[in-house]
Amino acid sequence: MIRFDYARPTDLAEALREGAGEEVAYLAGGTNLVDLLKENVARPTRVVDIARLPLTGIEDTAQGGLRLGALATNTETAYDQRVQARYPLLSSALLAGATAQLRNAATNGGNINQRTRCYYFYDVATPCNKREPGQGCAAIGGVSRIHAILGTSHQCIATHPSDMAVALAALKAEVRVTGPGGDRVIAFADYHRLPGDEPWRDTTLEPGELVTAIDLPPESFPTNFTYLKLRERLSYAFALVSVAVAMRLEGERIAEVRIALGGVAHKPWRRPEAEDLLRGQEPGREAFGAAADALLEGARGQGGNDFKVPMARKAILRALEQATAGTPQSQTDKRIA
Amino acid sequence: MPDTRHEPIKVGIGTPLSRVDGVDKVTGQAHYAAEYAVPDVLYGVIVSGRIAKGRITAIADGAARAVPGVVEVLTHMNRPSEAWRDSKWKDELAIPGDPFRALGDDRIQFSGQPVALVLAETFEAARFAASLVDVSYEEEPHNVDFDLSLAEKTLPTYKRKSFHAPKSHGDADKAYAEADLRHEGEYRLATEHHNPMEMHASTVHWHGDGTITVYDKCQGAQGVQSYIASAFGFRQEDVQVINAYVGGAFGSGLRPQYQVQLAVLAAKKLERSVRVVMTRQQMFTHAHRPQAIYSIKLGAERTGKLTSMINDATTSTSRFENNMEDVVTWGMINYACPNMSGAYTVAPRDTYTSADMRAPGAATGMTLFEIAMDEMAYKAKVDPLEFRQINYSDIDAMNRQPFTSKALREAYREGAAAFGWDRRSFEPRSMRDGRELIGWGVATGVWDAQFSKTSARATLTADGHLEVASATADIGTGTYTVMTLVAADTLGIAPERITSRLGDSRLPTAPVEGGSWAAASTGAAVQVACRAVGEKLLKAAAKVEGQPLAAASSVDDLTFADGRMALKSEPGRSVAITEVMQAATIDRIEVEETASTGLSGLVSQARKSRKTHSAVFVEVRVDEELGQVRVTRVVSAIAAGRIINPKTARSQILGGVVMGIGMALHEETLADLRLGRWMNHNYAEYHIPAHADVQDIEVIFVDEPDPEVTPLGVKGLGEIGIISVAGAIANAIFHATGQRHRSLPITIDKLIA
């Protein structure tokens with residue numbers, strides 16, 4: 001851990017002033033940043049602790065959605081009655097992640113801004129383009145068990161580790177940010193990036209910008225949804241593959257559906273064209289298979305993670321069945337529904 | 001000290017007693033190696049090397065030294081002198097080879113090797129400065145790939161003391177060629193790291209008068225004491241080592257770890273107190289269970305009777321030491337078979353030396369052998385439990401010796417009954433519940449029942465308080481409580497009036513704690529010391545008015561209970577222990593005694609085989625499509641002689657079963673072969689079972705009286721709980737899915753259909 005200045009502003013304007021500059025990190029719950037500091041992966045010269053900013057709370061929006069404060073904790077969000085009743089997919093995804101203790105400390109803004117768990121990113125003795133631009137990527141050709149099968153680049157094959165973000169992608173949430181250039185709203189699909197030639201940039205946030213809230217749109221998919229997560233053990237592990245499905249049935253047919261994957265790419269993986277294949281269709285394995293194939297088009301393993309390609313396909317089919325049947329995956333009973 | 005208010009007043013061997021150190025542990029009163037307050041201590045942070053093999057060409061430490069508070073950057077170039085000869089670095093459990101010396105010279109022998117120690121007045125300054133030390137290397141080709149290392153496999157000329165060469169009988173190759181049924185398989189186990197909760201840590205208190213006190217995370221205080229004295233030039237009596245509490249070890253603390261070398265070196269150089277704590281990541285730079293490959297050929301008659309077993313295993317070691325384990329002997333010992341052969345080799349790679357990890361050798365060998373047994377049972381179309389009984393051996397089949405006891409049949413019977421094994425259908429994929437395939441598997445465990453000469457001291461004071469003490473360790477296993485129970489049993493004193501002391505090199509001599517021998521050995525030592533106190537009390541009782549115990553000539557004529565001693569022949573004639581002390585005006589009785597095998601024990605050890613056994617029954621549920629495994633039920637039936645404390649004994653077995661679940665499904669240290677480095681070196685990516693992975697576990701101790709095996713009839717429980725659990729799980733997965741997995745762990749990617 002390097003030495004850094006520490007500021008603890010109490011209002012947004014002060015936070016943005018303190019947060020200006022390149023080597024600054026905003027600290028919220030600290031469940032990821034503190035690890036990164038200890039591992040010398042994050043080396044900010046100034047840490048701005050935003051825990052005292054008035055960004056907590058969960059509120060109804062005028063449009064009929066819900067606004068999740070950036071500093072509301074994952075636990076508060078997962079167990080919020082409105083979230084549980086109207087956006088059970090989000091609640092389920094949150095509860096699939098980490099542990100009760102971590103969720104108590106982790107915030108919503110921090111969750112979507114957490115860094116990859118790539119072994120090499122965390123180990124400063126190994127080369128990593130995400131950590132040190134230009135060093136090269138040791139994960140390519142290395143231990144790639146947890147790495148991406150979609151949207152990779154020759155510079156980086158890391159995945160985004162969040163469960164919450166996968167549900168938010170399926171729900172088409174919006175991220176509200178503020179910064180030196182003023183306030184703006186980012187569609188969730190545009191919030192996280194693919195690695196491309198700038199793998200050190202996880203999101204489209206500009207330097208100094210701060211997430212203030214996450215807005216959930218009115219359509220909430222309270223009946224036909226699921227969050228199915230496959231991992232190395234039954235709890236407290238990052239997803240090898242996870243699937244969030246949000247679906248609305250009208251009669252026998254699928255009126256609306258969203259499918260987002262976790263554990264397979266540098267961002268929650270959605271392809272509207274795959275969802276288009278299901279819209280207006282009757283649910284069934286054949287239709288689900290076609291959608292899965294479209295969603296996974298171009299998926300390719302790195303050797304150690306080749307298994308993720310068939311695993312993702314099977315998981316998509318199962319998740320679509322769970323959502324259709326209205327029998328979402330329980331996060332406490334580990335038997336797969 | 002121990003709060004046992006909620007326990008029954010009269011307790012002894014066989015009474016379930018909560019651990020007497022439990023309250024101290026959960027209230028933070030129990031101090032671990034890194035937690036002792038030592039004045040003016042310097043904090044040492046280890047700089048770990050980047051490369052797997054080569055030489056250090058330069059160390060730029062200017063930036064680190066410029067950090068305020070930094071006192072020294074210790075490297076191979078400026079360390080104080082230390083012993084030169086390898087023999088001076090041999091610890092109590094040293095193995096053939098050149099022991100590792102931290103900062104010994106410029107050679108790099110494994111990735112993550114300590115290359116510098118930054119010492120500062122604060123931990124924060126030391127950690128920051130450590131990140132600024134810039135080490136340059138000249139790299140040499142390395143190999144950490146176990147498969148490639150097999151080209152260099154060898155049986156070393158110099159054997160480890162604990163190694164038992166397999167003994168062949170008959171003509172196994174011929175019998176295999178002629179067998180009605182033949183099975184051949186190659187089985188594997190991944191590299192595992194011990195991962196105790198407590199990181200390895202040492203606090204060296206530099207007293208300034210030539211003496212040091214070392215608080216060290218280790219499994220043997222006296223072993224580390226001798227090692228420090230020998231390697232770093234101290235007189236034995238000037239080094240005190242304390243390990244009163246150890247937060248798990250699983251074998252990683254059997255041999256002195258490199259943090260204690262660094263802490264002592266730094267203290268010696270700076271003549272100050274020093275604390276060194278490894279990070280979790282650094283816990284992956286030393287001891288680990290060797291990776292293993294084990295090929296097994298079994299021949300059998302059509303009835304399932306084994307006619308041949310051919311064993312050949314190789315385990316990984318380092319290039320500087322040869323770690324050897326008993327891998328192939330367990331099946332040969334356990335099953336009747338006229339023709340058997342065993343071969344064993346080690347293969348060197350550029351890592352730290354592999355080390356004993358819970359049930360070393362057996363957890364690997366017996367576990368994998370039991371998968372092969374299951375395969376042969378299916379070839380013979382015999383129920384897997386019946387198959388094992390068909391091949392049951394009442395003698396140690398490899399050593400051709402009788403057992404002191406072997407209640408494995410009873411373990412099979414009681415375990416099977418508790419599990420409901422008779423309701424199992426034979427065919428794979430024949431049991432399901434919706435989309436989950438259900439499988440039931442069984443396996444047998446075997447481990448050594450060992451005893452080591454151990455001393456203990458018992459001190460009785462006039463107020464009726466008893467202290468028992470021995471230099472053994474309690475690594476979470478329950479030794480404190482075992483000592484208390486044996487003392488309570490022998491002298492009839494309530495546990496709350498007994499203090500157990502251990503984990504201090506100044507206490508009476510005890511071997512390193514491991515191998516499942518601590519309870520049997522320390523227990524016996526406490527018993528003989530307490531009996532000696534009893535004899536002195538009997539002598540003193542002559543001073544009691546009316547001489548109520550005059551008819552007794554030794555403690556064998558007495559019973560001790562409720563703080564009183566009474567005549568066996570006439571229980572009405574009794575006297576309180578405190579009354580005896582008072583009458584004889586004795587302030588304290590202090591006795592030190594040693595428990596050893598004795599002549600009859602030595603004869604028995606030469607002539608008889610001494611083993612613990614287990615029968616493990618497992619139910620798994622596997623999602624047919626997605627390969628997710630749930631271990632929903634485990635019954636572990638244990639035959640381990642006399643059980644001193646059923647409560648902590650059960651905990652021992654539960655812990656072993658959980659670790660076995662990890663071995664079966666999760667644990668695997670992944671190496672980057674190009675970098676020669678373990679990559680998943682943290683708790684997030686090295687997976688051990690979480691609570692959700694652990695469901696119903698039932699532990700059964702079968703009755704197995706065995707006065708011959710050790711003085712107390714105790715066989716020990718530290719290892720037996722883990723052995724073959726992973727085999728039973730692999731067999732259950734086969735029964736559920738029809739897929740036979742021979743390589744552990746069986747991770748979800750291997751199961752996805």
# chains A, B, ... in the order shown; residues from 1 in each chain; ligands from 1
call {"tool": "residues_around", "arguments": {"residues": "Val243 in chain A", "least_positions_apart": "3", "cutoff": "6 Å", "atoms": "only C-alpha atoms", "output": "PyMOL selection string"}}
result
chain A and resi 227-228+260-261
call {"tool": "select_by_dssp", "arguments": {"residues": "range 139-177 of chain A", "states": "strand (DSSP E or B)", "output": "count of residues only"}}
result
6
call {"tool": "interface_residues", "arguments": {"of": "chain A", "to": "chain B", "cutoff": "9 Å", "atoms": "only C-alpha atoms", "output": "PyMOL selection string"}}
result
chain A and resi 1-3+38+40+117+119-120+123-126+138-139+141-143+230-238+305+307-308+310-311+314-315+318+332-337
call {"tool": "closest_atom_pairs", "arguments": {"of": "range 132-210 of chain B", "to": "range 335-352 of chain B", "cutoff": "8 Å", "atoms": "only C-alpha atoms", "output": "JSON lines"}}
result
{"residue": "B:His142", "atom": "CA", "partner": "B:Asp350", "partner_atom": "CA", "distance": 6.1}
{"residue": "B:Asn143", "atom": "CA", "partner": "B:Asp350", "partner_atom": "CA", "distance": 5.6}
{"residue": "B:Val144", "atom": "CA", "partner": "B:Arg349", "partner_atom": "CA", "distance": 5.0}
{"residue": "B:Asp145", "atom": "CA", "partner": "B:Arg349", "partner_atom": "CA", "distance": 7.2}
{"residue": "B:Phe146", "atom": "CA", "partner": "B:Arg349", "partner_atom": "CA", "distance": 7.0}
{"residue": "B:Ser149", "atom": "CA", "partner": "B:Ala347", "partner_atom": "CA", "distance": 5.6}
{"residue": "B:Leu150", "atom": "CA", "partner": "B:Ala347", "partner_atom": "CA", "distance": 5.6}
{"residue": "B:Ala151", "atom": "CA", "partner": "B:Ala347", "partner_atom": "CA", "distance": 7.9}
{"residue": "B:Glu152", "atom": "CA", "partner": "B:Ala347", "partner_atom": "CA", "distance": 5.9}
{"residue": "B:Lys153", "atom": "CA", "partner": "B:Ala347", "partner_atom": "CA", "distance": 4.2}
{"residue": "B:Thr154", "atom": "CA", "partner": "B:Thr345", "partner_atom": "CA", "distance": 4.9}
{"residue": "B:Leu155", "atom": "CA", "partner": "B:Thr345", "partner_atom": "CA", "distance": 4.5}
{"residue": "B:Pro156", "atom": "CA", "partner": "B:Thr345", "partner_atom": "CA", "distance": 7.6}
{"residue": "B:Pro166", "atom": "CA", "partner": "B:Gly342", "partner_atom": "CA", "distance": 5.3}
{"residue": "B:Lys167", "atom": "CA", "partner": "B:Ser341", "partner_atom": "CA", "distance": 6.7}
{"residue": "B:Ser168", "atom": "CA", "partner": "B:Ser341", "partner_atom": "CA", "distance": 4.3}
{"residue": "B:His169", "atom": "CA", "partner": "B:Met340", "partner_atom": "CA", "distance": 5.1}
{"residue": "B:Gly170", "atom": "CA", "partner": "B:Asn339", "partner_atom": "CA", "distance": 4.4}
{"residue": "B:Asp171", "atom": "CA", "partner": "B:Asn339", "partner_atom": "CA", "distance": 5.4}
{"residue": "B:Ala172", "atom": "CA", "partner": "B:Asn339", "partner_atom": "CA", "distance": 4.5}
{"residue": "B:Ala175", "atom": "CA", "partner": "B:Asn339", "partner_atom": "CA", "distance": 6.7}
call {"tool": "select_by_dssp", "arguments": {"residues": "range 40-115 of chain B", "states": "helix (DSSP H, G or I)", "output": "VMD selection string"}}
result
chain B and resid 62 to 65 86 to 89
call {"tool": "write_last_selection", "arguments": {"atoms": "N, CA and C atoms", "output": "JSON list (two decimals), in the first residue's frame"}}
result
[["chain", "number", "residue", "atom", "x", "y", "z"],
["B", 62, "GLY", "N", 17.30, 2.04, -2.20],
["B", 62, "GLY", "CA", 17.42, 3.44, -1.80],
["B", 62, "GLY", "C", 16.08, 4.09, -1.50],
["B", 63, "ALA", "N", 15.12, 3.85, -2.39],
["B", 63, "ALA", "CA", 13.80, 4.47, -2.19],
["B", 63, "ALA", "C", 13.15, 3.94, -0.92],
["B", 64, "ALA", "N", 13.34, 2.64, -0.67],
["B", 64, "ALA", "CA", 12.74, 2.05, 0.54],
["B", 64, "ALA", "C", 13.38, 2.63, 1.79],
["B", 65, "ARG", "N", 14.70, 2.76, 1.75],
["B", 65, "ARG", "CA", 15.41, 3.28, 2.93],
["B", 65, "ARG", "C", 15.06, 4.75, 3.19],
["B", 86, "ASP", "N", 24.68, -27.45, 6.33],
["B", 86, "ASP", "CA", 23.29, -27.84, 6.23],
["B", 86, "ASP", "C", 22.79, -28.54, 7.49],
["B", 87, "SER", "N", 23.65, -29.33, 8.09],
["B", 87, "SER", "CA", 23.21, -30.12, 9.25],
["B", 87, "SER", "C", 22.70, -29.22, 10.37],
["B", 88, "LYS", "N", 23.21, -27.99, 10.41],
["B", 88, "LYS", "CA", 22.78, -27.05, 11.45],
["B", 88, "LYS", "C", 21.36, -26.55, 11.20],
["B", 89, "TRP", "N", 20.87, -26.76, 9.99],
["B", 89, "TRP", "CA", 19.55, -26.26, 9.62],
["B", 89, "TRP", "C", 18.49, -27.36, 9.60]]
call {"tool": "residues_around", "arguments": {"residues": "Cys118 in chain A", "least_positions_apart": "4", "cutoff": "8 Å", "atoms": "only C-alpha atoms", "output": "PyMOL selection string"}}
result
chain A and resi 122+139+146-147+158-159
call {"tool": "residues_around", "arguments": {"residues": "Gln114 in chain A", "least_positions_apart": "3", "cutoff": "9 Å", "atoms": "only C-alpha atoms", "output": "CSV table (one decimal) with all heavy atoms, in the first residue's frame"}}
result
chain,number,residue,atom,x,y,z
A,31,THR,N,-14.8,-2.5,0.0
A,31,THR,CA,-14.6,-4.0,0.0
A,31,THR,C,-13.7,-4.4,-1.1
A,31,THR,O,-13.2,-5.5,-1.1
A,31,THR,CB,-16.0,-4.7,-0.1
A,31,THR,OG1,-16.7,-4.3,-1.3
A,31,THR,CG2,-16.9,-4.4,1.1
A,32,ASN,N,-13.6,-3.6,-2.2
A,32,ASN,CA,-12.7,-4.0,-3.2
A,32,ASN,C,-11.5,-3.0,-3.3
A,32,ASN,O,-10.3,-3.5,-3.3
A,32,ASN,CB,-13.4,-3.9,-4.6
A,32,ASN,CG,-12.6,-4.4,-5.8
A,32,ASN,OD1,-12.8,-3.9,-6.9
A,32,ASN,ND2,-11.7,-5.3,-5.5
A,33,LEU,N,-11.7,-1.7,-3.1
A,33,LEU,CA,-10.6,-0.8,-3.2
A,33,LEU,C,-9.5,-1.1,-2.1
A,33,LEU,O,-8.3,-1.0,-2.4
A,33,LEU,CB,-11.1,0.6,-3.1
A,33,LEU,CG,-10.0,1.7,-3.2
A,33,LEU,CD1,-9.3,1.7,-4.5
A,33,LEU,CD2,-10.6,3.1,-2.9
A,109,GLY,N,-23.0,1.9,-5.8
A,109,GLY,CA,-22.0,2.6,-6.7
A,109,GLY,C,-20.7,1.8,-6.8
A,109,GLY,O,-20.1,1.6,-7.8
A,110,GLY,N,-20.3,1.3,-5.6
A,110,GLY,CA,-19.0,0.5,-5.6
A,110,GLY,C,-19.2,-0.8,-6.3
A,110,GLY,O,-18.2,-1.2,-7.0
A,111,ASN,N,-20.3,-1.4,-6.2
A,111,ASN,CA,-20.5,-2.7,-6.8
A,111,ASN,C,-20.3,-2.6,-8.3
A,111,ASN,O,-19.5,-3.4,-8.9
A,111,ASN,CB,-21.9,-3.2,-6.5
A,111,ASN,CG,-22.1,-4.6,-7.0
A,111,ASN,OD1,-21.8,-5.0,-8.1
A,111,ASN,ND2,-22.7,-5.5,-6.1
A,160,HIS,N,-15.9,-8.9,-15.9
A,160,HIS,CA,-16.4,-8.0,-14.9
A,160,HIS,C,-17.1,-9.0,-13.8
A,160,HIS,O,-17.8,-9.8,-14.2
A,160,HIS,CB,-17.5,-7.0,-15.4
A,160,HIS,CG,-17.7,-5.9,-14.4
A,160,HIS,ND1,-18.7,-6.0,-13.5
A,160,HIS,CD2,-17.1,-4.7,-14.2
A,160,HIS,CE1,-18.7,-4.9,-12.7
A,160,HIS,NE2,-17.7,-4.1,-13.2
A,161,PRO,N,-16.7,-8.8,-12.6
A,161,PRO,CA,-17.2,-9.8,-11.6
A,161,PRO,C,-18.5,-9.6,-10.9
A,161,PRO,O,-19.0,-10.5,-10.2
A,161,PRO,CB,-16.1,-9.6,-10.5
A,161,PRO,CG,-15.7,-8.2,-10.6
A,161,PRO,CD,-15.8,-7.8,-12.0
A,162,SER,N,-19.2,-8.5,-11.2
A,162,SER,CA,-20.4,-8.1,-10.4
A,162,SER,C,-21.6,-9.0,-10.8
A,162,SER,O,-21.8,-9.3,-12.0
A,162,SER,CB,-20.8,-6.7,-10.7
A,162,SER,OG,-22.1,-6.4,-10.2
A,202,ASP,N,-12.4,0.5,-17.3
A,202,ASP,CA,-13.5,-0.5,-17.1
A,202,ASP,C,-14.9,0.1,-17.6
A,202,ASP,O,-15.8,-0.6,-18.0
A,202,ASP,CB,-13.7,-0.9,-15.7
A,202,ASP,CG,-12.5,-1.7,-15.2
A,202,ASP,OD1,-11.6,-2.1,-16.0
A,202,ASP,OD2,-12.4,-1.9,-13.9
call {"tool": "residues_around", "arguments": {"residues": "Asp183 in chain A", "least_positions_apart": "2", "cutoff": "10 Å", "atoms": "only C-alpha atoms", "output": "number ranges by chain"}}
result
A: 176-181, 185, 209-212
call {"tool": "closest_residue", "arguments": {"among": "B:Phe419, B:Ile475, B:Gly738, B:Gly492", "to": "Ile700 in chain B", "atoms": "only C-alpha atoms"}}
result
B:Phe419
call {"tool": "closest_residue", "arguments": {"among": "B:Asp180, B:Asp98, B:Glu237, B:Asp216", "to": "Arg85 in chain B", "atoms": "only C-alpha atoms"}}
result
B:Asp98
call {"tool": "closest_atom_pairs", "arguments": {"of": "range 447-516 of chain B", "to": "range 642-661 of chain B", "cutoff": "8 Å", "atoms": "only C-alpha atoms", "output": "CSV"}}
result
residue,atom,partner,partner_atom,distance
B:Thr477,CA,B:Gln652,CA,6.6
B:Gly478,CA,B:Thr648,CA,6.2
B:Thr481,CA,B:Asn645,CA,7.9
B:Val482,CA,B:Ile644,CA,6.6
B:Leu485,CA,B:Ile644,CA,7.4
B:Val486,CA,B:Ile644,CA,7.7
call {"tool": "decode", "arguments": {"residues": "range 659-669 of chain B", "atoms": "all heavy atoms", "output": "short mmCIF file (atom, residue, chain, number, x, y, z; two decimals), in the first residue's frame"}}
result
data_model
loop_
_atom_site.label_atom_id
_atom_site.label_comp_id
_atom_site.auth_asym_id
_atom_site.auth_seq_id
_atom_site.Cartn_x
_atom_site.Cartn_y
_atom_site.Cartn_z
N MET B 659 -12.86 -30.77 4.94
CA MET B 659 -11.64 -30.67 4.15
C MET B 659 -11.65 -31.70 3.01
O MET B 659 -11.13 -31.44 1.92
CB MET B 659 -10.43 -30.89 5.06
CG MET B 659 -9.22 -30.09 4.71
SD MET B 659 -8.07 -30.11 6.10
CE MET B 659 -6.68 -29.31 5.34
N GLY B 660 -12.26 -32.85 3.28
CA GLY B 660 -12.39 -33.87 2.24
C GLY B 660 -13.32 -33.43 1.12
O GLY B 660 -13.09 -33.74 -0.05
N ILE B 661 -14.37 -32.70 1.49
CA ILE B 661 -15.26 -32.14 0.46
C ILE B 661 -14.46 -31.18 -0.42
O ILE B 661 -14.58 -31.18 -1.65
CB ILE B 661 -16.48 -31.44 1.11
CG1 ILE B 661 -17.37 -32.46 1.83
CG2 ILE B 661 -17.29 -30.67 0.06
CD1 ILE B 661 -18.50 -31.85 2.66
N GLY B 662 -13.62 -30.38 0.21
CA GLY B 662 -12.77 -29.46 -0.55
C GLY B 662 -11.83 -30.22 -1.49
O GLY B 662 -11.66 -29.84 -2.65
N MET B 663 -11.24 -31.29 -0.97
CA MET B 663 -10.32 -32.09 -1.80
C MET B 663 -11.07 -32.69 -2.99
O MET B 663 -10.55 -32.77 -4.09
CB MET B 663 -9.73 -33.21 -0.93
CG MET B 663 -8.85 -34.18 -1.69
SD MET B 663 -8.24 -35.49 -0.58
CE MET B 663 -6.63 -34.87 -0.23
N ALA B 664 -12.30 -33.08 -2.77
CA ALA B 664 -13.08 -33.72 -3.83
C ALA B 664 -13.53 -32.74 -4.90
O ALA B 664 -13.51 -33.06 -6.08
CB ALA B 664 -14.31 -34.41 -3.22
N LEU B 665 -13.94 -31.55 -4.47
CA LEU B 665 -14.65 -30.66 -5.39
C LEU B 665 -13.99 -29.32 -5.66
O LEU B 665 -14.30 -28.67 -6.66
CB LEU B 665 -16.07 -30.39 -4.85
CG LEU B 665 -16.97 -31.60 -4.61
CD1 LEU B 665 -18.29 -31.15 -4.00
CD2 LEU B 665 -17.19 -32.37 -5.90
N HIS B 666 -13.11 -28.85 -4.77
CA HIS B 666 -12.70 -27.45 -4.86
C HIS B 666 -11.21 -27.19 -4.92
O HIS B 666 -10.75 -26.39 -5.72
CB HIS B 666 -13.26 -26.67 -3.65
CG HIS B 666 -14.73 -26.86 -3.43
ND1 HIS B 666 -15.25 -27.30 -2.23
CD2 HIS B 666 -15.78 -26.69 -4.25
CE1 HIS B 666 -16.56 -27.37 -2.32
NE2 HIS B 666 -16.92 -27.02 -3.53
N GLU B 667 -10.47 -27.79 -4.02
CA GLU B 667 -9.11 -27.31 -3.77
C GLU B 667 -8.14 -27.65 -4.90
O GLU B 667 -7.98 -28.81 -5.26
CB GLU B 667 -8.58 -27.87 -2.46
CG GLU B 667 -9.29 -27.32 -1.24
CD GLU B 667 -8.52 -27.57 0.04
OE1 GLU B 667 -7.32 -27.26 0.09
OE2 GLU B 667 -9.12 -28.08 0.99
N GLU B 668 -7.49 -26.64 -5.41
CA GLU B 668 -6.53 -26.83 -6.49
C GLU B 668 -5.72 -25.55 -6.64
O GLU B 668 -6.28 -24.49 -6.92
CB GLU B 668 -7.27 -27.13 -7.80
CG GLU B 668 -6.37 -27.27 -8.99
CD GLU B 668 -7.10 -27.77 -10.24
OE1 GLU B 668 -8.34 -27.62 -10.31
OE2 GLU B 668 -6.43 -28.29 -11.14
N THR B 669 -4.42 -25.65 -6.44
CA THR B 669 -3.58 -24.47 -6.67
C THR B 669 -3.13 -24.51 -8.12
O THR B 669 -2.55 -25.49 -8.58
CB THR B 669 -2.37 -24.46 -5.73
OG1 THR B 669 -2.75 -24.96 -4.45
CG2 THR B 669 -1.85 -23.06 -5.56
#
